[in-house]
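Q: File model22.cif below, mmCIF, C-alpha atoms:
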```
data_start
#
loop_
_atom_site.label_atom_id
_atom_site.label_comp_id
_atom_site.auth_asym_id
_atom_site.auth_seq_id
_atom_site.Cartn_x
_atom_site.Cartn_y
_atom_site.Cartn_z
CA MET M 1 191.73 85.04 133.94
CA MET M 2 195.31 84.26 132.88
CA LYS M 3 195.59 81.46 135.42
CA PHE M 4 192.27 80.01 134.25
CA ALA M 5 193.29 80.20 130.57
CA TRP M 6 196.71 78.66 131.28
CA ASP M 7 195.54 75.94 133.69
CA ASN M 8 192.98 74.68 131.18
CA TYR M 9 195.47 74.78 128.32
CA LYS M 10 197.94 72.82 130.47
CA LEU M 11 195.29 70.31 131.49
CA TYR M 12 193.78 69.59 128.08
CA ALA M 13 196.19 70.78 125.40
CA LEU M 14 199.76 71.16 126.68
CA GLY M 15 202.15 70.94 123.73
CA LYS M 16 199.42 71.53 121.15
CA ASN M 17 199.21 75.05 119.71
CA GLU M 18 195.89 76.13 121.17
CA LEU M 19 193.24 74.86 123.53
CA ARG M 20 189.78 74.01 122.22
CA PRO M 21 187.88 74.78 125.42
CA LEU M 22 184.47 73.35 124.54
CA THR M 23 185.71 69.95 123.42
CA LYS M 24 188.58 70.05 125.96
CA ASN M 25 191.30 69.07 123.54
CA GLY M 26 194.15 70.67 121.64
CA HIS M 27 194.41 72.21 118.18
CA ILE M 28 197.55 72.14 116.03
CA GLY M 29 196.56 73.99 112.87
CA ASN M 30 198.80 74.56 109.88
CA MET M 31 200.18 78.04 110.49
CA PHE M 32 203.31 77.12 112.40
CA GLY M 33 204.82 74.47 110.13
CA GLY M 34 204.96 71.62 112.59
CA LEU M 35 206.09 73.75 115.53
CA ARG M 36 204.12 73.02 118.71
CA GLY M 37 203.33 74.81 121.94
CA ALA M 38 202.35 78.19 120.45
CA THR M 39 200.32 78.98 123.58
CA VAL M 40 203.29 78.08 125.82
CA VAL M 41 205.69 80.40 124.02
CA ASP M 42 203.10 83.17 123.66
CA ALA M 43 202.17 82.96 127.37
CA LEU M 44 205.68 82.83 128.89
CA ASP M 45 206.29 86.56 129.35
CA THR M 46 202.71 87.22 130.50
CA LEU M 47 203.02 84.53 133.19
CA TYR M 48 206.35 86.03 134.24
CA ILE M 49 205.09 89.62 134.39
CA MET M 50 202.01 88.58 136.37
CA GLU M 51 204.30 86.73 138.82
CA LEU M 52 202.51 83.44 138.23
CA GLU M 53 205.75 81.72 139.17
CA GLU M 54 204.63 78.11 139.32
CA GLU M 55 202.88 78.42 135.96
CA PHE M 56 205.92 80.13 134.45
CA GLN M 57 208.11 77.22 135.59
CA GLU M 58 205.69 74.75 133.97
CA ALA M 59 205.95 76.67 130.70
CA LYS M 60 209.73 76.95 130.92
CA LYS M 61 210.05 73.24 131.57
CA TRP M 62 208.04 72.48 128.44
CA VAL M 63 210.36 74.70 126.38
CA GLU M 64 213.44 72.97 127.83
CA LYS M 65 212.19 69.39 127.50
CA SER M 66 209.66 69.26 124.69
CA PHE M 67 210.03 72.22 122.31
CA ASP M 68 211.32 70.62 119.10
CA LEU M 69 212.57 72.86 116.30
CA ASN M 70 213.44 70.04 113.91
CA VAL M 71 210.13 70.01 112.14
CA ASN M 72 208.87 69.71 108.58
CA GLY M 73 205.91 71.71 107.45
CA GLU M 74 204.65 74.95 105.98
CA ALA M 75 205.06 77.81 108.40
CA SER M 76 204.00 81.43 108.15
CA LEU M 77 207.24 83.41 108.40
CA PHE M 78 205.29 86.26 109.99
CA GLU M 79 203.43 84.20 112.61
CA VAL M 80 206.50 82.20 113.63
CA ASN M 81 208.49 85.40 113.96
CA ILE M 82 206.00 87.43 116.01
CA ARG M 83 204.79 84.60 118.28
CA TYR M 84 207.74 82.24 118.67
CA VAL M 85 210.83 84.36 118.02
CA GLY M 86 209.23 87.37 119.75
CA GLY M 87 208.04 85.33 122.73
CA LEU M 88 211.41 83.64 123.23
CA LEU M 89 213.38 86.89 122.88
CA ALA M 90 211.15 88.74 125.34
CA THR M 91 211.35 85.97 127.90
CA TYR M 92 215.13 85.88 127.56
CA TYR M 93 215.37 89.63 128.13
CA LEU M 94 213.04 89.44 131.14
CA THR M 95 214.70 86.44 132.81
CA GLY M 96 218.23 86.21 131.39
CA GLU M 97 217.76 82.44 131.04
CA GLU M 98 219.88 81.05 128.20
CA VAL M 99 217.41 78.43 126.98
CA PHE M 100 215.15 81.14 125.57
CA LYS M 101 217.99 82.87 123.78
CA SER M 102 219.36 79.71 122.21
CA LYS M 103 215.93 78.57 120.99
CA ALA M 104 215.25 82.04 119.53
CA LEU M 105 218.54 82.05 117.62
CA GLU M 106 218.11 78.49 116.38
CA LEU M 107 214.63 79.29 115.11
CA GLY M 108 215.79 82.59 113.59
CA GLU M 109 218.37 80.70 111.50
CA LYS M 110 215.61 78.48 110.11
CA LEU M 111 213.73 81.54 108.81
CA LEU M 112 216.61 82.93 106.76
CA PRO M 113 216.04 80.88 103.55
CA ALA M 114 212.73 82.72 103.03
CA PHE M 115 214.81 85.77 102.04
CA ASN M 116 216.44 83.99 99.09
CA THR M 117 214.50 85.89 96.43
CA PRO M 118 215.62 88.22 93.61
CA THR M 119 214.79 91.29 95.72
CA GLY M 120 215.47 89.93 99.19
CA ILE M 121 211.80 90.51 100.06
CA PRO M 122 210.97 87.21 101.81
CA ARG M 123 208.21 84.88 100.71
CA GLY M 124 205.39 84.34 103.19
CA VAL M 125 205.57 80.59 103.70
CA ILE M 126 208.63 78.54 104.59
CA ASN M 127 209.27 74.87 105.21
CA LEU M 128 211.30 74.91 108.42
CA GLY M 129 212.86 71.55 107.53
CA SER M 130 213.88 71.99 103.89
CA GLY M 131 214.16 75.78 103.81
CA MET M 132 211.94 75.89 100.70
CA SER M 133 209.77 78.98 100.60
CA TRP M 134 206.82 80.16 98.52
CA SER M 135 204.04 82.73 98.53
CA TRP M 136 200.56 82.26 99.95
CA GLY M 137 198.25 80.71 97.37
CA TRP M 138 195.61 83.38 97.96
CA ALA M 139 197.96 86.40 97.78
CA SER M 140 197.65 87.98 94.36
CA ALA M 141 200.13 86.77 91.73
CA GLY M 142 202.67 85.25 94.09
CA SER M 143 203.17 88.44 96.02
CA SER M 144 204.44 89.02 99.55
CA ILE M 145 202.32 90.88 102.08
CA LEU M 146 203.34 94.27 103.50
CA ALA M 147 202.34 93.44 107.08
CA GLU M 148 204.27 90.17 106.90
CA PHE M 149 207.63 91.22 105.48
CA GLY M 150 207.28 94.60 107.23
CA THR M 151 206.93 93.01 110.68
CA LEU M 152 210.32 91.35 111.11
CA HIS M 153 212.46 94.36 111.91
CA LEU M 154 212.36 94.48 115.71
CA GLU M 155 212.97 90.78 116.23
CA PHE M 156 215.69 90.48 113.59
CA LEU M 157 217.70 93.38 115.02
CA HIS M 158 217.66 91.59 118.38
CA LEU M 159 218.68 88.31 116.73
CA SER M 160 221.76 90.07 115.32
CA GLU M 161 222.43 91.77 118.63
CA LEU M 162 222.32 88.49 120.59
CA SER M 163 224.12 86.29 118.06
CA GLY M 164 226.74 88.79 116.92
CA ASN M 165 225.73 87.74 113.40
CA PRO M 166 224.83 90.77 111.26
CA VAL M 167 222.89 88.71 108.69
CA PHE M 168 219.53 89.16 110.45
CA ALA M 169 219.87 92.94 110.58
CA GLU M 170 221.08 93.02 106.97
CA LYS M 171 218.00 91.12 105.77
CA VAL M 172 215.55 93.60 107.32
CA MET M 173 217.57 96.69 106.37
CA ASN M 174 217.41 95.47 102.77
CA ILE M 175 213.59 95.22 102.98
CA ARG M 176 213.54 98.85 104.02
CA LYS M 177 215.82 99.77 101.11
CA VAL M 178 213.44 98.12 98.61
CA LEU M 179 210.46 99.95 100.16
CA ASN M 180 212.24 103.28 100.05
CA ARG M 181 213.08 102.82 96.39
CA VAL M 182 209.66 101.78 95.09
CA GLU M 183 207.14 104.40 93.95
CA LYS M 184 204.34 104.94 96.50
CA PRO M 185 200.90 105.82 95.02
CA GLN M 186 199.94 109.10 96.76
CA GLY M 187 202.57 108.29 99.39
CA LEU M 188 200.63 105.15 100.40
CA TYR M 189 202.03 101.63 100.75
CA PRO M 190 199.90 98.97 99.00
CA ASN M 191 199.53 95.60 100.72
CA PHE M 192 201.03 93.35 98.03
CA LEU M 193 204.58 93.47 96.63
CA SER M 194 206.27 91.05 94.25
CA PRO M 195 209.39 89.44 95.80
CA VAL M 196 210.65 88.93 92.25
CA THR M 197 210.28 92.39 90.70
CA GLY M 198 210.04 94.54 93.83
CA ASN M 199 206.94 96.26 92.41
CA TRP M 200 203.47 96.55 93.88
CA VAL M 201 201.10 93.91 92.60
CA GLN M 202 197.84 95.73 93.20
CA HIS M 203 196.81 98.97 94.79
CA HIS M 204 194.95 97.90 97.90
CA VAL M 205 195.90 99.89 101.02
CA SER M 206 194.82 99.02 104.54
CA ILE M 207 195.75 99.92 108.10
CA GLY M 208 193.90 96.74 109.09
CA GLY M 209 195.00 93.20 108.22
CA LEU M 210 197.67 92.89 105.46
CA GLY M 211 199.09 96.36 106.18
CA ASP M 212 198.72 97.08 109.91
CA SER M 213 201.93 96.11 111.70
CA PHE M 214 204.27 97.47 109.00
CA TYR M 215 203.40 100.99 110.18
CA GLU M 216 203.63 99.98 113.83
CA TYR M 217 207.15 98.60 113.31
CA LEU M 218 208.35 101.85 111.71
CA ILE M 219 207.64 103.98 114.78
CA LYS M 220 208.71 101.18 117.11
CA SER M 221 212.02 100.68 115.26
CA TRP M 222 212.79 104.32 115.91
CA LEU M 223 211.82 104.04 119.58
CA MET M 224 213.75 100.78 120.03
CA SER M 225 216.87 102.41 118.58
CA ASP M 226 216.62 105.03 121.36
CA LYS M 227 215.44 107.46 118.66
CA LYS M 228 218.56 107.07 116.51
CA ASP M 229 216.97 105.29 113.52
CA SER M 230 215.85 108.51 111.84
CA GLU M 231 215.08 106.72 108.56
CA ALA M 232 212.33 104.72 110.30
CA LYS M 233 210.91 107.89 111.84
CA LYS M 234 210.80 109.66 108.50
CA MET M 235 209.09 106.71 106.80
CA TYR M 236 206.54 106.62 109.62
CA ASP M 237 205.87 110.36 109.51
CA ASP M 238 205.45 110.35 105.73
CA ALA M 239 203.19 107.28 105.77
CA LEU M 240 201.00 108.71 108.52
CA GLU M 241 200.66 111.97 106.64
CA ALA M 242 199.47 110.10 103.53
CA ILE M 243 197.08 107.99 105.61
CA GLU M 244 195.61 111.07 107.19
CA LYS M 245 195.25 112.83 103.87
CA HIS M 246 193.63 109.93 101.99
CA LEU M 247 192.12 107.42 104.43
CA VAL M 248 191.07 109.18 107.64
CA LYS M 249 187.39 110.13 107.43
CA LYS M 250 184.65 111.41 109.73
CA SER M 251 181.23 109.75 109.65
CA ALA M 252 177.93 111.63 109.58
CA GLY M 253 177.59 110.83 113.27
CA GLY M 254 180.98 112.38 114.02
CA LEU M 255 183.11 109.22 114.36
CA THR M 256 186.67 109.34 113.03
CA TYR M 257 187.73 106.15 111.24
CA ILE M 258 190.36 104.90 108.83
CA ALA M 259 188.90 103.62 105.56
CA GLU M 260 190.49 101.11 103.19
CA TRP M 261 191.70 102.18 99.75
CA ARG M 262 191.30 100.08 96.61
CA GLY M 263 193.00 101.72 93.67
CA GLY M 264 191.68 105.13 94.62
CA VAL M 265 188.20 103.99 95.69
CA LEU M 266 187.48 104.08 99.42
CA ASP M 267 185.82 101.21 101.25
CA HIS M 268 184.26 102.73 104.37
CA LYS M 269 184.99 99.93 106.76
CA MET M 270 187.46 99.47 109.57
CA GLY M 271 188.71 96.10 110.83
CA HIS M 272 189.23 95.21 114.47
CA LEU M 273 192.90 94.75 113.55
CA ALA M 274 193.08 98.44 112.55
CA CYS M 275 192.08 99.45 116.08
CA PHE M 276 195.72 99.14 117.20
CA SER M 277 196.28 102.42 115.35
CA GLY M 278 194.95 104.65 118.13
CA GLY M 279 197.72 103.40 120.39
CA MET M 280 200.31 103.66 117.63
CA ILE M 281 199.42 107.25 116.73
CA ALA M 282 199.52 108.25 120.42
CA LEU M 283 202.93 106.59 120.81
CA GLY M 284 204.23 108.49 117.77
CA ALA M 285 202.62 111.77 118.88
CA GLU M 286 204.85 111.94 121.94
CA HIS M 287 207.71 112.82 119.63
CA ALA M 288 206.12 115.19 117.14
CA GLY M 289 206.51 118.97 117.38
CA GLN M 290 204.24 120.67 119.95
CA GLU M 291 201.27 121.54 117.75
CA ARG M 292 201.54 118.29 115.75
CA LYS M 293 201.71 116.43 119.06
CA GLN M 294 198.31 117.74 120.18
CA HIS M 295 196.89 117.10 116.72
CA TYR M 296 198.01 113.45 116.79
CA MET M 297 196.91 112.88 120.40
CA ASP M 298 193.46 114.13 119.38
CA LEU M 299 193.42 111.87 116.33
CA ALA M 300 194.52 108.88 118.45
CA ALA M 301 191.80 109.59 121.01
CA GLU M 302 189.15 109.89 118.28
CA ILE M 303 190.10 106.60 116.62
CA THR M 304 190.25 104.82 119.98
CA SER M 305 186.83 106.24 120.80
CA THR M 306 185.43 104.94 117.49
CA CYS M 307 186.79 101.48 118.29
CA HIS M 308 185.18 101.74 121.73
CA GLU M 309 181.88 102.54 120.00
CA SER M 310 182.17 99.31 117.99
CA TYR M 311 182.16 97.51 121.35
CA ALA M 312 179.57 99.71 123.07
CA ARG M 313 177.06 99.30 120.21
CA SER M 314 177.02 95.50 120.40
CA ASP M 315 174.80 93.46 122.71
CA THR M 316 177.78 91.63 124.23
CA LYS M 317 179.90 94.80 124.62
CA LEU M 318 182.59 93.08 122.54
CA GLY M 319 183.45 94.36 119.09
CA PRO M 320 183.04 92.70 115.69
CA GLU M 321 185.83 91.65 113.34
CA ALA M 322 184.99 94.59 111.05
CA PHE M 323 182.55 97.48 111.17
CA ARG M 324 181.20 99.86 108.57
CA PHE M 325 180.30 103.49 108.01
CA ASP M 326 177.82 103.51 105.20
CA ALA M 327 174.08 103.39 104.56
CA GLY M 328 173.22 104.81 107.97
CA THR M 329 175.16 102.16 109.87
CA GLU M 330 178.03 103.39 112.01
CA ALA M 331 180.64 101.37 113.87
CA MET M 332 178.65 98.17 113.38
CA ALA M 333 179.17 95.04 111.31
CA THR M 334 176.59 94.71 108.55
CA ARG M 335 177.43 91.27 107.20
CA LEU M 336 177.22 88.06 109.18
CA SER M 337 180.75 87.09 108.16
CA GLU M 338 182.15 90.10 110.10
CA ARG M 339 180.19 89.75 113.34
CA TYR M 340 182.55 87.42 115.20
CA TYR M 341 184.99 88.21 118.02
CA ILE M 342 187.99 85.91 118.43
CA LEU M 343 189.48 87.29 121.67
CA ARG M 344 191.44 89.93 119.76
CA PRO M 345 193.61 92.47 121.61
CA GLU M 346 193.82 95.58 119.40
CA VAL M 347 191.16 97.66 121.12
CA VAL M 348 192.47 97.07 124.66
CA GLU M 349 195.98 97.61 123.31
CA SER M 350 194.96 101.15 122.35
CA TYR M 351 193.27 101.64 125.75
CA MET M 352 196.56 100.71 127.44
CA TYR M 353 198.62 103.19 125.40
CA MET M 354 196.03 105.94 125.76
CA TRP M 355 195.93 105.40 129.53
CA ARG M 356 199.72 105.49 129.84
CA LEU M 357 200.02 108.62 127.70
CA THR M 358 197.05 110.64 129.01
CA HIS M 359 195.94 109.05 132.31
CA ASP M 360 192.35 109.79 131.38
CA PRO M 361 190.37 107.42 133.66
CA LYS M 362 187.86 106.57 130.91
CA TYR M 363 190.39 104.19 129.36
CA ARG M 364 190.50 102.08 132.51
CA GLN M 365 186.71 102.23 132.63
CA TRP M 366 186.48 101.00 129.03
CA GLY M 367 189.04 98.27 129.75
CA TRP M 368 187.02 97.08 132.72
CA GLU M 369 183.93 96.83 130.50
CA VAL M 370 185.89 94.47 128.26
CA VAL M 371 186.97 92.36 131.24
CA LYS M 372 183.35 92.00 132.32
CA ALA M 373 182.21 91.14 128.79
CA LEU M 374 184.95 88.52 128.36
CA GLU M 375 183.99 86.92 131.67
CA LYS M 376 180.33 86.95 130.78
CA HIS M 377 180.40 85.81 127.16
CA CYS M 378 183.76 84.18 126.42
CA ARG M 379 184.56 82.29 129.59
CA VAL M 380 183.39 78.68 129.32
CA GLU M 381 183.87 75.69 131.58
CA ALA M 382 187.41 74.96 130.41
CA GLY M 383 188.94 78.20 129.19
CA PHE M 384 188.01 81.19 127.05
CA SER M 385 186.46 80.96 123.59
CA GLY M 386 185.75 83.38 120.77
CA ILE M 387 182.11 84.02 119.84
CA ARG M 388 180.44 83.93 116.42
CA ASP M 389 178.13 86.94 116.75
CA VAL M 390 178.69 89.89 119.08
CA TYR M 391 175.14 91.13 118.48
CA THR M 392 173.41 88.34 120.35
CA THR M 393 173.52 87.85 124.11
CA THR M 394 173.33 84.08 123.71
CA PRO M 395 176.40 83.72 121.51
CA THR M 396 177.67 80.53 119.92
CA HIS M 397 181.28 79.81 120.89
CA ASP M 398 183.93 79.05 118.28
CA ASN M 399 185.79 76.54 120.48
CA MET M 400 189.18 78.25 120.20
CA GLN M 401 191.33 79.86 122.88
CA GLN M 402 193.74 81.80 120.67
CA SER M 403 197.36 81.94 121.84
CA PHE M 404 197.28 85.73 121.40
CA PHE M 405 194.59 85.95 124.08
CA LEU M 406 197.28 84.97 126.62
CA ALA M 407 200.10 86.87 124.89
CA GLU M 408 198.29 90.12 124.17
CA THR M 409 194.70 90.58 125.31
CA LEU M 410 195.28 89.64 128.94
CA LYS M 411 198.72 91.29 129.06
CA TYR M 412 197.45 94.64 127.80
CA LEU M 413 194.47 94.52 130.17
CA TYR M 414 196.80 93.74 133.08
CA LEU M 415 199.18 96.56 132.13
CA LEU M 416 196.23 98.97 131.83
CA PHE M 417 195.69 98.51 135.59
CA CYS M 418 199.38 98.39 136.57
CA GLU M 419 201.63 101.28 137.56
CA ASP M 420 203.39 102.87 134.58
CA ASP M 421 206.78 101.47 135.63
CA VAL M 422 205.70 97.86 134.97
CA LEU M 423 207.23 97.45 131.49
CA SER M 424 207.74 101.20 131.17
CA LEU M 425 207.30 102.54 127.65
CA ASP M 426 210.64 104.32 128.08
CA ASP M 427 212.51 101.03 128.34
CA TRP M 428 210.46 98.50 126.39
CA VAL M 429 208.86 98.28 122.95
CA PHE M 430 206.16 95.66 122.40
CA ASN M 431 206.36 93.56 119.27
CA THR M 432 203.07 93.08 117.44
CA GLU M 433 202.28 90.03 119.61
CA ALA M 434 202.80 92.15 122.78
CA HIS M 435 206.19 90.60 123.51
CA PRO M 436 208.36 93.28 125.17
CA LEU M 437 211.79 93.96 123.66
CA PRO M 438 214.24 96.32 125.36
CA VAL M 439 214.99 99.78 124.02
CA ASN M 440 218.63 99.89 123.06
CA HIS M 441 220.01 102.60 125.32
CA THR M 442 223.56 101.94 124.04
CA ASN M 443 224.59 102.59 120.47
CA PHE M 444 223.04 99.79 118.43
CA LYS M 445 224.80 100.22 115.08
CA ALA M 446 228.22 99.76 116.60
CA SER M 447 227.21 96.49 118.19
CA VAL M 448 225.75 95.13 114.97
CA GLN M 449 228.85 96.00 112.98
CA GLN M 450 231.47 94.52 115.31
#
```
Any chance you could give the structure as structure tokens?

A:
Amino acid sequence: MMKFAWDNYKLYALGKNELRPLTKNGHIGNMFGGLRGATVVDALDTLYIMELEEEFQEAKKWVEKSFDLNVNGEASLFEVNIRYVGGLLATYYLTGEEVFKSKALELGEKLLPAFNTPTGIPRGVINLGSGMSWSWGWASAGSSILAEFGTLHLEFLHLSELSGNPVFAEKVMNIRKVLNRVEKPQGLYPNFLSPVTGNWVQHHVSIGGLGDSFYEYLIKSWLMSDKKDSEAKKMYDDALEAIEKHLVKKSAGGLTYIAEWRGGVLDHKMGHLACFSGGMIALGAEHAGQERKQHYMDLAAEITSTCHESYARSDTKLGPEAFRFDAGTEAMATRLSERYYILRPEVVESYMYMWRLTHDPKYRQWGWEVVKALEKHCRVEAGFSGIRDVYTTTPTHDNMQQSFFLAETLKYLYLLFCEDDVLSLDDWVFNTEAHPLPVNHTNFKASVQQ
């Protein structure tokens, strides 16, 4: 599947950001501010891990010869960080090849002006040429988004580590300081924060999009520090406790899910993006006290099982973008606008973690069901495409092979069927685009301060 996805991208779209497999051309989009080759950078480490050596060399050659960082355009700080910086860092750590390190550091420098705000909370959009930054037009009242400014920590610590320049680490430690200081409603972190005042802009809380990877990076920061970053662990533990108290619910049919919270009113829906949380809670459970550990492993298994139900209850055996628990419907999308599947990885990501941490064979079984469904419904003549409605067996394709399909979906599926020592969870932490970063088994603080 990876070779098929890559070969078609190379054939029809090399240097563009994504392949459009139905029309056999490339897509650039406006998320990456003029940067190109998102699929190349996202696919590098997957190609390397799968030992697709010829394909890896093709990708590396593109990075060496054609990857231009001198661009002008509006880039998402978050997307550029997780896909490009994360992909380059991971490939450097896997291969030791300098080109990936130097490109990562050069790109990291270009992201720094986004942090020039009164609070140091970065704005979401940055012009990589001019360094001008601003907030997303649709984010309420010029606010920054929790999942965006909260998902820089892992990469920026590695940028400081590799460059010897503490500025990257200082920027993300300051974000944490602001978050520690601000009042949390019921212990929860709302999704929107003003980069000017450092206060929450509205009280919408979600473990799905807008919130999701902030929580993931707390537990992963602690793991990446070889369990020395106790502040991250405490923030994670406290946040998870509040989530469990206020957002975790059980449906009439016995399914455990995580609702969304709007100023104290629950919205009983769960997004596909929130399905990463089963894997996250299992990863964090490993390090809780004995009875808490079992409690969290059970919770992780229940959430992962609910996400599996969202797949099992569809005609394609692929899950919708969001699914609801109200009016007699459970784990299904009710509105047409939430019935699509765009090759997302979060459900198989949780299968991979659950397999590694429990070795219950059902997770491999569930993963194999996804493989079969992808082959049946998403594979087209020239690549893989998302589908517009998971509840019909003759789906319409959306003509987009997302770069994260190669970075995440196929990587997590591959790792689900690998031995545990391939990218062992003891030695590697995956960024939120599934790019593996090494656990720092030597003392990190000292190296940042030198």

Q: Given the PyMOL selection byres ((chain M and resi 402) around 10) and the file above, list the residues it selects as a list of chain:residue names.

A: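 Selection result, ordered by chain and number: M:Asn17, M:Glu18, M:Leu19, M:Arg20, M:His27, M:Ala38, M:Thr39, M:Asp42, M:Ile342, M:Leu343, M:Arg344, M:Phe384, M:Ser385, M:Gly386, M:Asn399, M:Met400, M:Gln401, M:Ser403, M:Phe404, M:Phe405, M:Leu406, M:Ala407, M:Thr409.
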
Q: Just the residues within 12 Å of M:Val265, please, counting all atoms listed in the file, with nothing from its chain fewer than 4 positions along; format it as an MDAnalysis selection string.

A: chainID M and resid 203:205 246:247 259:261

Q: Suppose you want the space between atom CA of M:Leu159 and atom CA of M:Ala274; what is it in Å?

A: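 We find that atom CA of M:Leu159 and atom CA of M:Ala274 lie 27.8 Å from each other.
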
Q: Name every residue that the PyMOL selection byres ((chain M and resi 145) around 7) selects in this structure, writing the answer as a list in words with chains first and numbers rising.

A: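 With the PyMOL selection byres ((chain M and resi 145) around 7) on this model, the match is Ser143, Ser144, Leu146, Ala147, Glu148, Phe149, Asn191, Phe192, Leu193 and Leu210 of chain M.
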
Q: Going by the chain IDs and residue numbers used in this file, which residues fall under the PyMOL selection byres ((chain M and resi 393) around 10)? Write them as a list in words.

A: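 So the PyMOL selection byres ((chain M and resi 393) around 10) ends up selecting Ser314, Asp315, Thr316, Lys317, Lys376, His377, Asp389, Val390, Tyr391, Thr392, Thr394, Pro395 and Thr396 of chain M.
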
Q: Pick from M:Ala141, M:Lys372, M:Phe430, M:Leu423: nearest to M:Tyr48, with all atoms listed in the file counted?

A: M:Leu423

Q: Looking at all atoms listed in the file, which of M:Gly164, M:Trp138, M:Thr432, M:Met173 is the one that sits closest to M:Ser277?

A: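 For M:Ser277, the nearest of the given residues is M:Thr432.
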
Q: Quick check, in Å to one decimal: how far apart do atom CA of M:Phe115 and atom CA of M:Tyr215 lie?

A: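 Spanning atom CA of M:Phe115 to atom CA of M:Tyr215 is a straight-line distance of 20.7 Å.
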
Q: Which polymer residues, whether protein, DNA or RNA, lie within 10 Å of the coordinate (212.8, 98.8, 120.8) when you count all atoms listed in the file? List them as an MDAnalysis selection string, using the chain letters and numbers from the file.

A: chainID M and resid 153:155 157:158 217 219:227 425:431 436:441

Q: Out of M:Leu273, M:Ile281, M:Leu336, M:Leu374, which residue has the shortest atom-to-atom distance to M:Met354 when counting only C-alpha atoms?

A: M:Ile281

Q: Between atom CA of M:Ile49 and atom CA of M:Leu94, what is the distance in Å, rounded to a tenth?

A: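 Going from atom CA of M:Ile49 over to atom CA of M:Leu94 covers 8.6 Å.
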
Q: Considering all atoms listed in the file, state which residue in the set M:Gly26, M:Gly278, M:Gly37, M:Gly131 is at the smallest distance from M:Arg83.

A: M:Gly37

Q: With distances taken over only C-alpha atoms, which residue among M:Glu433, M:Glu291, M:Glu244, M:Glu309 lies nearest M:Glu346?

A: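 Among the listed residues, M:Glu433 lies closest to M:Glu346.
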
Q: Determine the nearest neighbour of M:Lys411 from the options M:Gly328, M:Ala239, M:Met50, M:Leu357, counting only C-alpha atoms.

A: M:Met50

Q: Give me the residues near M:Leu47 as a PyMOL selection string, where near means some atom within 8 Å (using all atoms listed in the file) and where sequence neighbours in that chain fewer than 6 positions away do not count.

A: chain M and resi 2+53+55-56

Q: Tell me which protein, DNA and RNA residues are within 8 Å of stretch 102-113 of chain M, counting all atoms listed in the file, leaving out same-chain ones fewer than 4 positions away, and put them as a tab-separated table (two decimals) with C-alpha atoms, in the coordinates of the input.

A:
```
chain	number	residue	atom	x	y	z
M	69	LEU	CA	212.57	72.86	116.30
M	77	LEU	CA	207.24	83.41	108.40
M	81	ASN	CA	208.49	85.40	113.96
M	84	TYR	CA	207.74	82.24	118.67
M	85	VAL	CA	210.83	84.36	118.02
M	88	LEU	CA	211.41	83.64	123.23
M	89	LEU	CA	213.38	86.89	122.88
M	98	GLU	CA	219.88	81.05	128.20
M	126	ILE	CA	208.63	78.54	104.59
M	128	LEU	CA	211.30	74.91	108.42
M	129	GLY	CA	212.86	71.55	107.53
M	131	GLY	CA	214.16	75.78	103.81
M	132	MET	CA	211.94	75.89	100.70
M	133	SER	CA	209.77	78.98	100.60
M	156	PHE	CA	215.69	90.48	113.59
M	159	LEU	CA	218.68	88.31	116.73
M	163	SER	CA	224.12	86.29	118.06
M	168	PHE	CA	219.53	89.16	110.45
```

Q: Can you list, as a list in words, every protein, DNA or RNA residue that comes within 10 Å of M:Arg364 when you count all atoms listed in the file, leaving out same-chain residues fewer than 5 positions away?

A: Val348, Tyr351, Met352, Met354, Trp355, His359, Glu369, Val370, Leu413, Leu416 and Phe417 of chain M

Q: Report as a tab-separated table (two decimals) with C-alpha atoms, keeping the file's coordinate frame all protein, DNA and RNA residues lying within 9 Å of M:Ile121, evaluated on all atoms listed in the file, omitting residues in the same chain fewer than 4 positions from it.

A:
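Result saved to part_16.tsv:
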```tsv
chain	number	residue	atom	x	y	z
M	114	ALA	CA	212.73	82.72	103.03
M	115	PHE	CA	214.81	85.77	102.04
M	116	ASN	CA	216.44	83.99	99.09
M	117	THR	CA	214.50	85.89	96.43
M	144	SER	CA	204.44	89.02	99.55
M	149	PHE	CA	207.63	91.22	105.48
M	171	LYS	CA	218.00	91.12	105.77
M	172	VAL	CA	215.55	93.60	107.32
M	174	ASN	CA	217.41	95.47	102.77
M	175	ILE	CA	213.59	95.22	102.98
M	178	VAL	CA	213.44	98.12	98.61
M	193	LEU	CA	204.58	93.47	96.63
M	194	SER	CA	206.27	91.05	94.25
M	195	PRO	CA	209.39	89.44	95.80
M	196	VAL	CA	210.65	88.93	92.25
M	198	GLY	CA	210.04	94.54	93.83
```
